[in-house]
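Colleague: Sharing a structure below in structure tokens format, with a few things to ask.
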Amino acid sequence: MSHFAFSRDPFTPDRFRDEVVDPVAGGYASFEGWVRNHNEGRGVVRLEYEGYEALGIKEGNRVVEEALARFPIAKAHCVHRLGLLDIGDLAVWVGVTAAHRDAAFAACRYIIDEVKTRVPIWKKEHYAAGDSGWINCEVSSSDAPSGPVRP
Amino acid sequence: MSHFAFSRDPFTPDRFRDEVVDPVAGGYASFEGWVRNHNEGRGVVRLEYEGYEALGIKEGNRVVEEALARFPIAKAHCVHRLGLLDIGDLAVWVGVTAAHRDAAFAACRYIIDEVKTRVPIWKKEHYAAGDSGWINCEVSSSDAPSGPVRP
Amino acid sequence: MAVIRVEYFAVLREHVGRAGEELRTAATTVGELYAELDQRYAFPSVGRMKVAVNDEFRDWNAPVRDGDFIVFIPPVAGG
Amino acid sequence: MAVIRVEYFAVLREHVGRAGEELRTAATTVGELYAELDQRYAFPSVGRMKVAVNDEFRDWNAPVRDGDFIVFIPPVAGG
């Protein structure tokens with residue numbers, strides 16, 4: 001069973017509670033990313049997440065497996081939304097259980113940090129002004145050149 | 001409104017979601033303490049929490065107010081169960097929202113750490129062997145003497 | 001002499017056998033009051049205790065005043 | 001010459017105007033393939049890209065083999 005999943009439909013963390021519940025685990029740390037009504041000073045009205053699902057599930061699962069190996073935790077799981085999201089919608093959830101809260105917090109933090117930078121998911125923001133843009137992919141002319149960097 | 005509450009009945013964090021939801025806050029970090037089936041090598045079958053409620057609400061609220069002052073967070077709330085709890089029951093929940101996850105995690109951690117050491121709540125464990133004991137209050141003869149320490 | 005109310009929680013409540021009581025005391029500080037009640041009840045050894053007067057934490061030198069509501073606070077264990 | 005499938009996501013999908021295509025290519029590495037397609041499509045400047053072959057991350061020197069499934073990965077933005 002993969003420890004990482006995509007959801008095309010709205011979900012609540014409750015639905016995945018069984019993935020993290022453990023009778024030996026007294027501590028549960030979680031992180032949820034919700035769609036904000038603004039970003040970098042601009043009003044946001046809607047979000048769109050696109051994922052390369054086959055690789056995303058593999059890489060997301062690797063991230064959680066790394067957390068399970070590095071920290072003394074019981075269980076961990078992560079789910080990321082895809083598709084169109086409204087303000088306040090749940091975009092990503094990470095849940096970790098452990099006997100002690102130190103490890104639960106550290107692992108939860110590790111997973112969200114790594115998922116955000118490694119899992120192939122792209123976010124398009126739709127602004128109140130009517131335009132939209134792919135986050136991290138719209139660069140000004142002064143930015144680094146595109147494409148592969150050759151060895 | 002106090003940022004800290006006691007609950008004599010089982011609750012789910014959903015019930016208190018309105019206390020932390022904020023349209024400017026994209027990050028939600030939470031901690032939940034669940035009743036484990038063991039503690040320090042002993043099988044536990046049930047728990048009992050007793051609280052000095054009037055002071056507990058004041059002190060719990062002070063803890064959350066401190067977190068709101070120290071960390072750049074949007075909202076924070078903590079609820080602690082009282083009464084008889086079964087294995088797997090939710091004992092305490094801390095929820096924190098913030099624009100950035102660093103602050104949400106740090107504040108959540110601060111609140112649970114301080115609540116555990118400062119809020120007048122006592123825990124009695126009922127063991128599989130049939131006996132029971134108040135946690136942190138049963139000391140061996142080699143421990144420090146009881147009572148006030150005079151200046 | 002002051003007339004006060006003392007409330008007991010958790011291990012102290014079970015030891016004393018009641019949740020609280022009204023008392024007349026000659027104690028002038030809450031530390032003296034604790035010593036007086038420890039004589040009567042032989043409180044169990046539970047490590048360092050705190051004390052609250054009228055629902056606020058106070059130190060052991062806090063005065064005992066007529067009408068005070070006093071709680072001895074054994075080591076806590078929330079969460 | 002290899003026959004491969006390329007899939008486009010997000011900013012690349014919108015730029016190319018389709019989600020994927022089958023291609024015959026003389027490119028021997030995925031880096032060469034990228035350069036070939038950049039000539040054709042003038043990919044937008046999006047910062048450093050990664051590449052996956054058959055659903056695994058590879059480096060830009062990875063060979064292009066007949067039947068490969070190749071994805072160029074613009075900077076990600078999960079969460």
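Labels for the structure tokens follow display order: chains A, B, ..., residues from 1 in each chain, ligands from 1.
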Using only C-alpha atoms, find which residues of chain A lie within 12 Å of chain C and jot them down as a VMD selection string.

Modeller: chain A and resid 26 to 28 100 to 101

Colleague: Within 7 Å of chain B, which residues belong to chain A? Use only C-alpha atoms and report them as an MDAnalysis selection string.

Modeller: chainID A and resid 23:38 88

Colleague: So that I have them on file, write out the residues from the current selection with N, CA and C atoms, as an mmCIF file, in the first residue's frame.

Modeller:
data_model
loop_
_atom_site.group_PDB
_atom_site.id
_atom_site.type_symbol
_atom_site.label_atom_id
_atom_site.label_comp_id
_atom_site.auth_asym_id
_atom_site.auth_seq_id
_atom_site.Cartn_x
_atom_site.Cartn_y
_atom_site.Cartn_z
ATOM 1 N N PRO A 23 -2.666 1.648 17.888
ATOM 2 C CA PRO A 23 -2.917 1.600 19.342
ATOM 3 C C PRO A 23 -1.677 1.891 20.193
ATOM 4 N N VAL A 24 -0.488 1.735 19.610
ATOM 5 C CA VAL A 24 0.713 2.049 20.400
ATOM 6 C C VAL A 24 1.111 3.519 20.275
ATOM 7 N N ALA A 25 0.411 4.244 19.401
ATOM 8 C CA ALA A 25 0.799 5.625 19.131
ATOM 9 C C ALA A 25 -0.090 6.588 19.881
ATOM 10 N N GLY A 26 0.476 7.331 20.829
ATOM 11 C CA GLY A 26 -0.311 8.295 21.588
ATOM 12 C C GLY A 26 -0.307 9.679 20.974
ATOM 13 N N GLY A 27 0.578 9.903 20.006
ATOM 14 C CA GLY A 27 0.704 11.242 19.448
ATOM 15 C C GLY A 27 0.423 11.269 17.962
ATOM 16 N N TYR A 28 -0.391 12.227 17.549
ATOM 17 C CA TYR A 28 -0.719 12.403 16.132
ATOM 18 C C TYR A 28 -0.439 13.856 15.773
ATOM 19 N N ALA A 29 0.481 14.053 14.830
ATOM 20 C CA ALA A 29 0.748 15.405 14.331
ATOM 21 C C ALA A 29 0.283 15.465 12.892
ATOM 22 N N SER A 30 -0.318 16.574 12.525
ATOM 23 C CA SER A 30 -0.777 16.684 11.145
ATOM 24 C C SER A 30 -0.516 18.065 10.594
ATOM 25 N N PHE A 31 -0.438 18.114 9.278
ATOM 26 C CA PHE A 31 -0.381 19.398 8.596
ATOM 27 C C PHE A 31 -1.409 19.391 7.485
ATOM 28 N N GLU A 32 -2.110 20.503 7.327
ATOM 29 C CA GLU A 32 -3.042 20.657 6.221
ATOM 30 C C GLU A 32 -2.729 21.959 5.512
ATOM 31 N N GLY A 33 -2.674 21.906 4.185
ATOM 32 C CA GLY A 33 -2.540 23.121 3.401
ATOM 33 C C GLY A 33 -3.905 23.477 2.835
ATOM 34 N N TRP A 34 -4.354 24.701 3.118
ATOM 35 C CA TRP A 34 -5.652 25.160 2.633
ATOM 36 C C TRP A 34 -5.441 26.252 1.588
ATOM 37 N N VAL A 35 -6.371 26.366 0.660
ATOM 38 C CA VAL A 35 -6.265 27.389 -0.381
ATOM 39 C C VAL A 35 -6.535 28.768 0.217
ATOM 40 N N ARG A 36 -5.546 29.648 0.109
ATOM 41 C CA ARG A 36 -5.680 31.011 0.632
ATOM 42 C C ARG A 36 -6.310 31.941 -0.397
ATOM 43 N N ASN A 37 -6.868 33.036 0.085
ATOM 44 C CA ASN A 37 -7.509 34.007 -0.808
ATOM 45 C C ASN A 37 -6.513 35.037 -1.355
ATOM 46 N N HIS A 38 -5.219 34.781 -1.117
ATOM 47 C CA HIS A 38 -4.217 35.714 -1.629
ATOM 48 C C HIS A 38 -2.892 34.975 -1.756
ATOM 49 N N GLY A 88 -10.227 28.061 0.739
ATOM 50 C CA GLY A 88 -10.551 27.314 1.949
ATOM 51 C C GLY A 88 -10.525 25.811 1.764
#

Colleague: Could you go through chain D and tell me which residues DSSP, when run on the backbone, assigns to helix (DSSP H, G or I), listing them as a list of chain:residue names?

Modeller: D:Ala10, D:Val11, D:Leu12, D:Arg13, D:Glu14, D:His15, D:Val16, D:Val30, D:Gly31, D:Glu32, D:Leu33, D:Tyr34, D:Ala35, D:Glu36, D:Leu37, D:Asp38, D:Gln39, D:Arg40, D:Tyr41

Colleague: Next, write the just-selected residues to a file, as an mmCIF file, in the first residue's frame, keeping N, CA, C and O atoms as the atom set.

Modeller:
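Output contents, as saved in result01.cif:
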data_model
loop_
_atom_site.group_PDB
_atom_site.id
_atom_site.type_symbol
_atom_site.label_atom_id
_atom_site.label_comp_id
_atom_site.auth_asym_id
_atom_site.auth_seq_id
_atom_site.Cartn_x
_atom_site.Cartn_y
_atom_site.Cartn_z
ATOM 1 N N ALA D 10 1.016 20.808 -17.197
ATOM 2 C CA ALA D 10 0.955 22.183 -16.674
ATOM 3 C C ALA D 10 1.384 23.210 -17.720
ATOM 4 O O ALA D 10 0.822 23.224 -18.819
ATOM 5 N N VAL D 11 2.380 24.031 -17.379
ATOM 6 C CA VAL D 11 2.765 25.129 -18.275
ATOM 7 C C VAL D 11 3.223 24.609 -19.639
ATOM 8 O O VAL D 11 2.969 25.237 -20.680
ATOM 9 N N LEU D 12 3.858 23.446 -19.686
ATOM 10 C CA LEU D 12 4.296 22.881 -20.975
ATOM 11 C C LEU D 12 3.103 22.378 -21.790
ATOM 12 O O LEU D 12 3.043 22.553 -23.009
ATOM 13 N N ARG D 13 2.168 21.729 -21.129
ATOM 14 C CA ARG D 13 0.968 21.235 -21.811
ATOM 15 C C ARG D 13 0.221 22.393 -22.477
ATOM 16 O O ARG D 13 -0.184 22.314 -23.635
ATOM 17 N N GLU D 14 0.064 23.471 -21.711
ATOM 18 C CA GLU D 14 -0.644 24.628 -22.273
ATOM 19 C C GLU D 14 0.138 25.267 -23.414
ATOM 20 O O GLU D 14 -0.441 25.710 -24.403
ATOM 21 N N HIS D 15 1.466 25.274 -23.268
ATOM 22 C CA HIS D 15 2.292 25.905 -24.303
ATOM 23 C C HIS D 15 2.266 25.086 -25.597
ATOM 24 O O HIS D 15 2.100 25.637 -26.693
ATOM 25 N N VAL D 16 2.423 23.773 -25.464
ATOM 26 C CA VAL D 16 2.470 22.900 -26.646
ATOM 27 C C VAL D 16 1.060 22.716 -27.233
ATOM 28 O O VAL D 16 0.898 22.493 -28.432
ATOM 29 N N VAL D 30 18.080 12.143 -23.262
ATOM 30 C CA VAL D 30 16.871 12.945 -23.029
ATOM 31 C C VAL D 30 17.192 14.437 -23.109
ATOM 32 O O VAL D 30 16.334 15.244 -23.465
ATOM 33 N N GLY D 31 18.442 14.804 -22.818
ATOM 34 C CA GLY D 31 18.865 16.197 -22.978
ATOM 35 C C GLY D 31 18.804 16.613 -24.441
ATOM 36 O O GLY D 31 18.313 17.707 -24.776
ATOM 37 N N GLU D 32 19.279 15.739 -25.325
ATOM 38 C CA GLU D 32 19.205 16.026 -26.763
ATOM 39 C C GLU D 32 17.747 16.115 -27.223
ATOM 40 O O GLU D 32 17.394 16.964 -28.044
ATOM 41 N N LEU D 33 16.933 15.217 -26.689
ATOM 42 C CA LEU D 33 15.516 15.245 -27.052
ATOM 43 C C LEU D 33 14.892 16.572 -26.647
ATOM 44 O O LEU D 33 14.108 17.167 -27.398
ATOM 45 N N TYR D 34 15.257 17.041 -25.431
ATOM 46 C CA TYR D 34 14.713 18.324 -24.965
ATOM 47 C C TYR D 34 15.098 19.443 -25.934
ATOM 48 O O TYR D 34 14.266 20.264 -26.322
ATOM 49 N N ALA D 35 16.374 19.456 -26.339
ATOM 50 C CA ALA D 35 16.860 20.504 -27.247
ATOM 51 C C ALA D 35 16.107 20.444 -28.580
ATOM 52 O O ALA D 35 15.722 21.478 -29.147
ATOM 53 N N GLU D 36 15.886 19.220 -29.057
ATOM 54 C CA GLU D 36 15.165 19.038 -30.324
ATOM 55 C C GLU D 36 13.744 19.620 -30.226
ATOM 56 O O GLU D 36 13.302 20.360 -31.106
ATOM 57 N N LEU D 37 13.057 19.301 -29.117
ATOM 58 C CA LEU D 37 11.676 19.775 -28.966
ATOM 59 C C LEU D 37 11.621 21.270 -28.663
ATOM 60 O O LEU D 37 10.663 21.954 -29.039
ATOM 61 N N ASP D 38 12.658 21.768 -28.005
ATOM 62 C CA ASP D 38 12.717 23.199 -27.706
ATOM 63 C C ASP D 38 12.833 23.983 -29.013
ATOM 64 O O ASP D 38 12.259 25.066 -29.156
ATOM 65 N N GLN D 39 13.583 23.422 -29.976
ATOM 66 C CA GLN D 39 13.669 24.016 -31.325
ATOM 67 C C GLN D 39 12.286 24.117 -31.954
ATOM 68 O O GLN D 39 11.912 25.125 -32.537
ATOM 69 N N ARG D 40 11.522 23.033 -31.808
ATOM 70 C CA ARG D 40 10.217 22.990 -32.445
ATOM 71 C C ARG D 40 9.200 23.896 -31.754
ATOM 72 O O ARG D 40 8.432 24.596 -32.401
ATOM 73 N N TYR D 41 9.199 23.841 -30.370
ATOM 74 C CA TYR D 41 8.127 24.513 -29.628
ATOM 75 C C TYR D 41 8.536 25.816 -28.944
ATOM 76 O O TYR D 41 7.678 26.540 -28.473
#

Colleague: Could you give me, as a PyMOL selection string, the residues within 9 Å of Asp59 in chain D, counting only C-alpha atoms and dropping anything in the same chain fewer than 2 positions from it?

Modeller: chain D and resi 30-31+50-52+57+61-62

Colleague: So that I have them on file, write out the residues from the current selection with all heavy atoms, as a tab-separated table (two decimals), in the first residue's frame.

Modeller:
chain	number	residue	atom	x	y	z
D	30	VAL	N	18.08	12.14	-23.26
D	30	VAL	CA	16.87	12.95	-23.03
D	30	VAL	C	17.19	14.44	-23.11
D	30	VAL	O	16.33	15.24	-23.46
D	30	VAL	CB	16.18	12.59	-21.69
D	30	VAL	CG1	15.57	11.19	-21.78
D	30	VAL	CG2	17.13	12.71	-20.51
D	31	GLY	N	18.44	14.80	-22.82
D	31	GLY	CA	18.87	16.20	-22.98
D	31	GLY	C	18.80	16.61	-24.44
D	31	GLY	O	18.31	17.71	-24.78
D	50	LYS	N	13.37	19.17	-14.69
D	50	LYS	CA	13.82	17.79	-14.50
D	50	LYS	C	13.21	16.92	-15.58
D	50	LYS	O	12.37	17.38	-16.36
D	50	LYS	CB	13.41	17.29	-13.11
D	50	LYS	CG	14.11	18.02	-11.98
D	50	LYS	CD	13.72	17.43	-10.64
D	50	LYS	CE	14.48	18.13	-9.52
D	50	LYS	NZ	14.05	17.62	-8.19
D	51	VAL	N	13.61	15.67	-15.59
D	51	VAL	CA	13.07	14.78	-16.62
D	51	VAL	C	12.81	13.40	-16.01
D	51	VAL	O	13.54	12.96	-15.10
D	51	VAL	CB	14.04	14.69	-17.82
D	51	VAL	CG1	15.37	14.07	-17.41
D	51	VAL	CG2	13.40	13.91	-18.98
D	52	ALA	N	11.77	12.76	-16.49
D	52	ALA	CA	11.48	11.38	-16.05
D	52	ALA	C	11.38	10.49	-17.28
D	52	ALA	O	10.86	10.90	-18.33
D	52	ALA	CB	10.16	11.34	-15.28
D	57	PHE	N	12.56	9.47	-12.18
D	57	PHE	CA	13.46	10.59	-12.45
D	57	PHE	C	14.77	10.06	-13.02
D	57	PHE	O	15.29	9.03	-12.56
D	57	PHE	CB	13.78	11.35	-11.15
D	57	PHE	CG	12.63	12.17	-10.63
D	57	PHE	CD1	11.96	11.80	-9.47
D	57	PHE	CD2	12.21	13.31	-11.30
D	57	PHE	CE1	10.90	12.56	-8.98
D	57	PHE	CE2	11.15	14.08	-10.82
D	57	PHE	CZ	10.50	13.69	-9.66
D	61	ASN	N	21.52	12.97	-19.10
D	61	ASN	CA	22.32	12.11	-19.98
D	61	ASN	C	21.69	10.74	-20.18
D	61	ASN	O	22.26	9.89	-20.87
D	61	ASN	CB	23.72	11.91	-19.38
D	61	ASN	CG	24.50	13.20	-19.40
D	61	ASN	OD1	24.49	13.92	-20.40
D	61	ASN	ND2	25.15	13.51	-18.29
D	62	ALA	N	20.55	10.51	-19.58
D	62	ALA	CA	19.91	9.19	-19.73
D	62	ALA	C	19.62	8.93	-21.20
D	62	ALA	O	19.23	9.84	-21.94
D	62	ALA	CB	18.62	9.16	-18.92

Colleague: Since chain D and chain C share a sequence, can you fit the second onto the first over all C-alpha atoms in order and output it as a tab-separated table (two decimals) with C-alpha atoms, in the first residue's frame?

Modeller:
chain	number	residue	atom	x	y	z
C	1	MET	CA	15.83	6.36	-34.61
C	2	ALA	CA	13.60	5.65	-31.61
C	3	VAL	CA	9.84	5.88	-31.36
C	4	ILE	CA	8.92	7.35	-28.02
C	5	ARG	CA	6.02	8.98	-26.22
C	6	VAL	CA	6.36	12.41	-24.60
C	7	GLU	CA	3.78	13.76	-22.19
C	8	TYR	CA	3.37	17.42	-21.24
C	9	PHE	CA	2.08	18.80	-17.95
C	10	ALA	CA	0.98	22.18	-16.67
C	11	VAL	CA	2.79	25.13	-18.29
C	12	LEU	CA	4.30	22.87	-20.98
C	13	ARG	CA	0.97	21.22	-21.81
C	14	GLU	CA	-0.63	24.62	-22.27
C	15	HIS	CA	2.31	25.90	-24.32
C	16	VAL	CA	2.49	22.91	-26.65
C	17	GLY	CA	-1.30	22.71	-26.86
C	18	ARG	CA	-1.61	19.00	-26.18
C	19	ALA	CA	-1.07	16.52	-23.36
C	20	GLY	CA	1.31	14.26	-25.26
C	21	GLU	CA	2.53	12.86	-28.54
C	22	GLU	CA	4.35	9.95	-30.17
C	23	LEU	CA	7.63	10.98	-31.76
C	24	ARG	CA	10.40	9.52	-33.94
C	25	THR	CA	13.67	10.99	-32.79
C	26	ALA	CA	17.37	10.68	-33.52
C	27	ALA	CA	18.20	12.05	-30.07
C	28	THR	CA	20.38	9.67	-28.06
C	29	THR	CA	19.89	11.32	-24.65
C	30	VAL	CA	16.88	12.95	-23.03
C	31	GLY	CA	18.85	16.21	-22.99
C	32	GLU	CA	19.21	16.03	-26.78
C	33	LEU	CA	15.50	15.24	-27.06
C	34	TYR	CA	14.70	18.32	-24.98
C	35	ALA	CA	16.85	20.49	-27.25
C	36	GLU	CA	15.14	19.04	-30.34
C	37	LEU	CA	11.66	19.76	-28.97
C	38	ASP	CA	12.72	23.20	-27.71
C	39	GLN	CA	13.67	24.00	-31.33
C	40	ARG	CA	10.21	22.99	-32.47
C	41	TYR	CA	8.13	24.52	-29.66
C	42	ALA	CA	10.32	27.24	-28.12
C	43	PHE	CA	9.46	26.12	-24.59
C	44	PRO	CA	8.82	28.95	-22.13
C	45	SER	CA	11.51	29.97	-19.65
C	46	VAL	CA	10.43	28.30	-16.44
C	47	GLY	CA	13.67	27.76	-14.54
C	48	ARG	CA	15.42	24.46	-14.05
C	49	MET	CA	13.56	21.44	-15.37
C	50	LYS	CA	13.83	17.78	-14.48
C	51	VAL	CA	13.08	14.77	-16.61
C	52	ALA	CA	11.48	11.38	-16.04
C	53	VAL	CA	11.82	8.28	-18.20
C	54	ASN	CA	9.26	5.50	-17.76
C	55	ASP	CA	7.94	7.10	-14.55
C	56	GLU	CA	11.31	7.51	-12.82
C	57	PHE	CA	13.47	10.60	-12.43
C	58	ARG	CA	16.60	10.39	-14.59
C	59	ASP	CA	19.46	12.75	-15.33
C	60	TRP	CA	19.75	14.60	-18.64
C	61	ASN	CA	22.32	12.12	-19.98
C	62	ALA	CA	19.90	9.20	-19.74
C	63	PRO	CA	19.63	7.38	-23.07
C	64	VAL	CA	16.55	7.56	-25.26
C	65	ARG	CA	15.38	4.05	-26.12
C	66	ASP	CA	12.66	2.80	-28.39
C	67	GLY	CA	9.33	2.67	-26.54
C	68	ASP	CA	10.39	5.09	-23.78
C	69	PHE	CA	7.81	7.29	-22.08
C	70	ILE	CA	9.39	10.66	-21.35
C	71	VAL	CA	8.13	13.61	-19.27
C	72	PHE	CA	9.80	16.99	-18.82
C	73	ILE	CA	9.10	18.30	-15.33
C	74	PRO	CA	8.86	22.06	-14.82
C	75	PRO	CA	9.45	23.42	-11.27
C	76	VAL	CA	6.85	21.83	-9.00
C	77	ALA	CA	4.49	23.62	-6.61
C	78	GLY	CA	2.61	21.15	-4.45
C	79	GLY	CA	0.96	22.00	-1.14

Colleague: Identify which of the residues A:Glu50, A:Glu65, A:Glu138, A:Asp131 lies closest to Leu84 in chain A, counting only C-alpha atoms when measuring atom-to-atom distances.

Modeller: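 Comparing A:Glu50, A:Glu65, A:Glu138, A:Asp131 against Leu84 in chain A, the winner is A:Glu50.
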
Colleague: Skip Glu59 in chain A itself and residues of its chain fewer than 3 positions away, then list as an MDAnalysis selection string all residues within 12 Å of it, counting only C-alpha atoms.

Modeller: (chainID A and resid 2:6 51:56 62:66 78 111 114:121) or (chainID D and resid 52 55:57)

Colleague: What is the distance, in Å and to one decimal place, between CA of His77 in chain A and CA of Ser7 in chain A?

Modeller: 13.1 Å

Colleague: Give me the residues within 6 Å of Tyr49 in chain A as a short mmCIF file (atom, residue, chain, number, x, y, z; two decimals) with N, CA and C atoms, in the first residue's frame, counting only C-alpha atoms and dropping any in the same chain fewer than 5 places off.

Modeller:
data_model
loop_
_atom_site.label_atom_id
_atom_site.label_comp_id
_atom_site.auth_asym_id
_atom_site.auth_seq_id
_atom_site.Cartn_x
_atom_site.Cartn_y
_atom_site.Cartn_z
N LEU A 82 -6.05 17.10 -6.46
CA LEU A 82 -5.83 17.53 -7.84
C LEU A 82 -7.13 18.14 -8.35
N GLY A 83 -7.03 18.93 -9.42
CA GLY A 83 -8.22 19.52 -10.02
C GLY A 83 -8.46 20.94 -9.56
N TRP A 122 1.74 20.57 -10.01
CA TRP A 122 1.84 21.98 -10.42
C TRP A 122 0.57 22.71 -10.02
N LYS A 123 0.77 23.98 -9.65
CA LYS A 123 -0.34 24.77 -9.14
C LYS A 123 -0.57 25.99 -10.02
#

Colleague: Among range 7-150 of chain B, which residues carry a DSSP assignment of strand (DSSP E), reported as number ranges by chain?

Modeller: B: 7, 27-34, 38-39, 42-51, 75-81, 83-86, 90-98, 121-127, 132-134
